[in-house]
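*Asks:* I am attaching a structure below and will ask some questions about it afterwards.
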Amino acid sequence: GVDAPVFWRVPLSGATTIEEAMVKCFHLIVAGTTGTTQDGAKVLQKNVTDHLSVITLDDGSHYLNIDTSTKDGIEKAKHAGLGRSGVADVIITRYLYNAAELFKESSHTGRCFTLLRHPVERAIAVFHNLKRKKNKVVADMGME
């Protein structure tokens with residue numbers, strides 16, 4: 001079988017940087033996006049269908065028309081044959097167990113990799129992210 005890289009996206013752990021490197025530096029065809037980059041936002045606005053096709057953006061980035069950032073999107077990707085197609089150079093998702101289903105009836109194997117941030121640094125990033133979004137839970141909190 002063929003190994004298919006699956007990037008397990010852990011929020012606020014550098015996933016956006018990894019996605020940028022994949023599409024801009026390595027010119028990979030990516031299935032899924034964090035949606036936080038300009039390219040990612042454009043991809044999520046495109047028409048996601050039940051058939052696999054490559055979307056080429058103005059800057060030359062290549063994405064599949066599949067949204068693997070949701071469980072429903074992974075289910076659609078499964079029915080479209082993403083796991084057995086070999087079209088994507090890498091699949092990005094937060095839902096690792098759901099993504100494993102992509103390869104269930106396939107000779108291809110998903111090989112997971114991730115980037116983890118130090119837990120304390122990640123907790124601080126989550127706190128600042130919530131503050132930036134004006135979340136009421138952390139509104140009166142500080143780092144002191």
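If you're wondering about the labels, chains in the structure tokens are A, B, ... by order shown, residues count from 1 in each chain, ligands from 1 in order shown.
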Could you list, as a PyMOL selection string, every residue within 12 Å of Lys131 of chain A, counting only C-alpha atoms and ignoring same-chain residues fewer than 6 positions away?
*Replies:* chain A and resi 124-125+137-143
*Asks:* Leaving out Asp67 of chain A and any residue of its chain fewer than 2 positions from it, which residues lie within 8 Å of it when counting only C-alpha atoms, given as a PDB file with all heavy atoms, in the first residue's frame?
*Replies:*
```
ATOM      1  N   ALA A  31      -5.128  18.435   1.628  1.00  0.00           N
ATOM      2  CA  ALA A  31      -6.552  18.197   1.895  1.00  0.00           C
ATOM      3  C   ALA A  31      -6.823  18.711   3.294  1.00  0.00           C
ATOM      4  O   ALA A  31      -6.297  18.193   4.266  1.00  0.00           O
ATOM      5  CB  ALA A  31      -6.878  16.711   1.806  1.00  0.00           C
ATOM      6  N   GLY A  32      -7.596  19.777   3.382  1.00  0.00           N
ATOM      7  CA  GLY A  32      -7.895  20.374   4.680  1.00  0.00           C
ATOM      8  C   GLY A  32      -7.082  21.629   4.880  1.00  0.00           C
ATOM      9  O   GLY A  32      -6.063  21.848   4.231  1.00  0.00           O
ATOM     10  N   THR A  33      -7.551  22.458   5.776  1.00  0.00           N
ATOM     11  CA  THR A  33      -6.877  23.707   6.081  1.00  0.00           C
ATOM     12  C   THR A  33      -7.247  24.125   7.484  1.00  0.00           C
ATOM     13  O   THR A  33      -8.306  23.754   7.997  1.00  0.00           O
ATOM     14  CB  THR A  33      -7.255  24.815   5.085  1.00  0.00           C
ATOM     15  OG1 THR A  33      -6.618  26.034   5.482  1.00  0.00           O
ATOM     16  CG2 THR A  33      -8.751  25.034   4.999  1.00  0.00           C
ATOM     17  N   LEU A  44     -11.977  27.524   2.169  1.00  0.00           N
ATOM     18  CA  LEU A  44     -13.225  27.216   2.853  1.00  0.00           C
ATOM     19  C   LEU A  44     -14.421  27.923   2.219  1.00  0.00           C
ATOM     20  O   LEU A  44     -15.559  27.511   2.397  1.00  0.00           O
ATOM     21  CB  LEU A  44     -13.125  27.566   4.340  1.00  0.00           C
ATOM     22  CG  LEU A  44     -12.156  26.683   5.133  1.00  0.00           C
ATOM     23  CD1 LEU A  44     -12.116  27.122   6.589  1.00  0.00           C
ATOM     24  CD2 LEU A  44     -12.531  25.212   5.042  1.00  0.00           C
ATOM     25  N   VAL A  48     -17.360  23.128  -1.860  1.00  0.00           N
ATOM     26  CA  VAL A  48     -16.915  21.781  -1.517  1.00  0.00           C
ATOM     27  C   VAL A  48     -17.959  20.811  -2.054  1.00  0.00           C
ATOM     28  O   VAL A  48     -19.140  20.921  -1.744  1.00  0.00           O
ATOM     29  CB  VAL A  48     -16.747  21.627   0.009  1.00  0.00           C
ATOM     30  CG1 VAL A  48     -16.368  20.205   0.364  1.00  0.00           C
ATOM     31  CG2 VAL A  48     -15.703  22.605   0.525  1.00  0.00           C
ATOM     32  N   ASN A  65     -10.655  20.215  -2.698  1.00  0.00           N
ATOM     33  CA  ASN A  65     -11.947  20.825  -2.383  1.00  0.00           C
ATOM     34  C   ASN A  65     -12.668  20.038  -1.292  1.00  0.00           C
ATOM     35  O   ASN A  65     -13.865  19.829  -1.351  1.00  0.00           O
ATOM     36  CB  ASN A  65     -12.817  20.896  -3.638  1.00  0.00           C
ATOM     37  CG  ASN A  65     -13.160  19.519  -4.159  1.00  0.00           C
ATOM     38  OD1 ASN A  65     -12.373  18.591  -4.037  1.00  0.00           O
ATOM     39  ND2 ASN A  65     -14.332  19.387  -4.755  1.00  0.00           N
ATOM     40  N   SER A  69     -11.722  19.781   8.295  1.00  0.00           N
ATOM     41  CA  SER A  69     -11.717  20.432   9.607  1.00  0.00           C
ATOM     42  C   SER A  69     -12.983  20.124  10.405  1.00  0.00           C
ATOM     43  O   SER A  69     -13.114  20.536  11.549  1.00  0.00           O
ATOM     44  CB  SER A  69     -11.561  21.948   9.458  1.00  0.00           C
ATOM     45  OG  SER A  69     -12.700  22.512   8.834  1.00  0.00           O
ATOM     46  N   THR A  70     -13.917  19.381   9.793  1.00  0.00           N
ATOM     47  CA  THR A  70     -15.141  18.975  10.487  1.00  0.00           C
ATOM     48  C   THR A  70     -15.350  17.473  10.309  1.00  0.00           C
ATOM     49  O   THR A  70     -14.857  16.871   9.345  1.00  0.00           O
ATOM     50  CB  THR A  70     -16.382  19.708   9.929  1.00  0.00           C
ATOM     51  OG1 THR A  70     -16.607  19.277   8.582  1.00  0.00           O
ATOM     52  CG2 THR A  70     -16.219  21.216   9.966  1.00  0.00           C
ATOM     53  N   GLY A  73     -17.197  16.900   7.122  1.00  0.00           N
ATOM     54  CA  GLY A  73     -16.294  17.031   5.981  1.00  0.00           C
ATOM     55  C   GLY A  73     -15.468  15.778   5.762  1.00  0.00           C
ATOM     56  O   GLY A  73     -15.239  15.358   4.625  1.00  0.00           O
ATOM     57  N   ILE A  74     -15.029  15.158   6.852  1.00  0.00           N
ATOM     58  CA  ILE A  74     -14.264  13.908   6.747  1.00  0.00           C
ATOM     59  C   ILE A  74     -15.153  12.795   6.198  1.00  0.00           C
ATOM     60  O   ILE A  74     -14.718  11.992   5.372  1.00  0.00           O
ATOM     61  CB  ILE A  74     -13.653  13.519   8.103  1.00  0.00           C
ATOM     62  CG1 ILE A  74     -12.580  14.544   8.494  1.00  0.00           C
ATOM     63  CG2 ILE A  74     -13.063  12.117   8.058  1.00  0.00           C
ATOM     64  CD1 ILE A  74     -12.053  14.389   9.898  1.00  0.00           C
ATOM     65  N   ALA A  77     -15.360  13.323   2.603  1.00  0.00           N
ATOM     66  CA  ALA A  77     -14.077  12.937   2.007  1.00  0.00           C
ATOM     67  C   ALA A  77     -13.974  11.423   1.881  1.00  0.00           C
ATOM     68  O   ALA A  77     -13.448  10.901   0.897  1.00  0.00           O
ATOM     69  CB  ALA A  77     -12.920  13.480   2.856  1.00  0.00           C
TER      70      ALA A  77
END
```
*Asks:* Compile the contact shell of segment 88-101 of chain A as an MDAnalysis selection string: residues with an atom at most 9 Å away, counting only C-alpha atoms, same-chain residues fewer than 5 positions apart removed.
*Replies:* chainID A and resid 4:11 19 22 28:34 54 63:64 67:71 74:75 78 82:83 109:110 112
*Asks:* Limited to C-alpha atoms, could you put the picked residues into a file as a PDB file, in the first residue's frame?
*Replies:*
```pdb
ATOM      1  CA  ALA A   4      -0.532   8.985   3.178  1.00  0.00           C
ATOM      2  CA  PRO A   5       0.732  11.635   5.626  1.00  0.00           C
ATOM      3  CA  VAL A   6      -1.958  12.862   8.025  1.00  0.00           C
ATOM      4  CA  PHE A   7      -1.107  15.990   9.995  1.00  0.00           C
ATOM      5  CA  TRP A   8      -2.941  15.976  13.317  1.00  0.00           C
ATOM      6  CA  ARG A   9      -3.728  19.625  13.913  1.00  0.00           C
ATOM      7  CA  VAL A  10      -3.511  20.626  17.569  1.00  0.00           C
ATOM      8  CA  PRO A  11      -4.857  24.205  17.874  1.00  0.00           C
ATOM      9  CA  GLU A  19       0.351  24.429   6.652  1.00  0.00           C
ATOM     10  CA  MET A  22       3.479  22.615   3.095  1.00  0.00           C
ATOM     11  CA  LEU A  28       2.113  20.054  -1.685  1.00  0.00           C
ATOM     12  CA  ILE A  29      -1.517  19.374  -2.522  1.00  0.00           C
ATOM     13  CA  VAL A  30      -3.213  19.697   0.865  1.00  0.00           C
ATOM     14  CA  ALA A  31      -6.552  18.197   1.895  1.00  0.00           C
ATOM     15  CA  GLY A  32      -7.895  20.374   4.680  1.00  0.00           C
ATOM     16  CA  THR A  33      -6.877  23.707   6.081  1.00  0.00           C
ATOM     17  CA  THR A  34      -6.715  25.450   9.413  1.00  0.00           C
ATOM     18  CA  VAL A  54      -7.644  20.319  -6.837  1.00  0.00           C
ATOM     19  CA  TYR A  63      -5.726  22.441  -1.951  1.00  0.00           C
ATOM     20  CA  LEU A  64      -8.318  19.727  -2.406  1.00  0.00           C
ATOM     21  CA  ASP A  67     -12.980  20.276   4.288  1.00  0.00           C
ATOM     22  CA  THR A  68     -11.359  17.916   6.781  1.00  0.00           C
ATOM     23  CA  SER A  69     -11.717  20.432   9.607  1.00  0.00           C
ATOM     24  CA  THR A  70     -15.141  18.975  10.487  1.00  0.00           C
ATOM     25  CA  LYS A  71     -16.421  15.462  11.114  1.00  0.00           C
ATOM     26  CA  ILE A  74     -14.264  13.908   6.747  1.00  0.00           C
ATOM     27  CA  GLU A  75     -17.350  11.785   6.110  1.00  0.00           C
ATOM     28  CA  LYS A  78     -14.491   9.246   2.832  1.00  0.00           C
ATOM     29  CA  LEU A  82      -9.888  10.559  -0.392  1.00  0.00           C
ATOM     30  CA  GLY A  83      -8.097   7.773   1.487  1.00  0.00           C
ATOM     31  CA  THR A 109      -2.223   3.649   5.105  1.00  0.00           C
ATOM     32  CA  GLY A 110      -2.479   6.931   6.979  1.00  0.00           C
ATOM     33  CA  CYS A 112       0.136  10.488  11.457  1.00  0.00           C
TER      34      CYS A 112
END
```
*Asks:* As number ranges by chain, list the residues of segment 21-137 of chain A assigned to alpha helix (DSSP H) by DSSP on the backbone atoms of this structure.
*Replies:* A: 38-45, 71-80, 82-85, 96-100, 119-132
*Asks:* Need to verify the contact set: Glu121 of chain A, 12 Å, only C-alpha atoms, exclusion of same-chain residues closer than 6 positions in sequence. Can you return it as a PyMOL selection string?
*Replies:* chain A and resi 12-14+127-128
*Asks:* If you measure from atom CA of Thr114 of chain A to atom CA of Ala15 of chain A, what distance in Å do you get, rounded to one decimal?
*Replies:*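 So the two atoms, atom CA of Thr114 of chain A and atom CA of Ala15 of chain A, lie 8.3 Å apart.
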*Asks:* Please measure the separation of atom CA of Gly81 of chain A and atom CA of Val2 of chain A, giving the value in Å to one decimal.
*Replies:*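 Answer for the atom CA of Gly81 of chain A to atom CA of Val2 of chain A separation: 14.3 Å.
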*Asks:* Give the strand (DSSP E or B) residues of segment 79-130 of chain A, as assigned by DSSP on the backbone, as a VMD selection string.
*Replies:* chain A and resid 90 to 93 109 to 114
*Asks:* Using only C-alpha atoms, can you tell me which of A:Leu52, A:Pro119, A:Lys136, A:Arg84 comes closest to Lys104 of chain A?
*Replies:*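 Using only C-alpha atoms, the shortest distance to Lys104 of chain A belongs to A:Arg84.
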*Asks:* Could you tell me how far atom CA of Glu144 of chain A sits from atom CA of Thr16 of chain A, in Å to one decimal place?
*Replies:*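 A separation of 28.8 Å between them.
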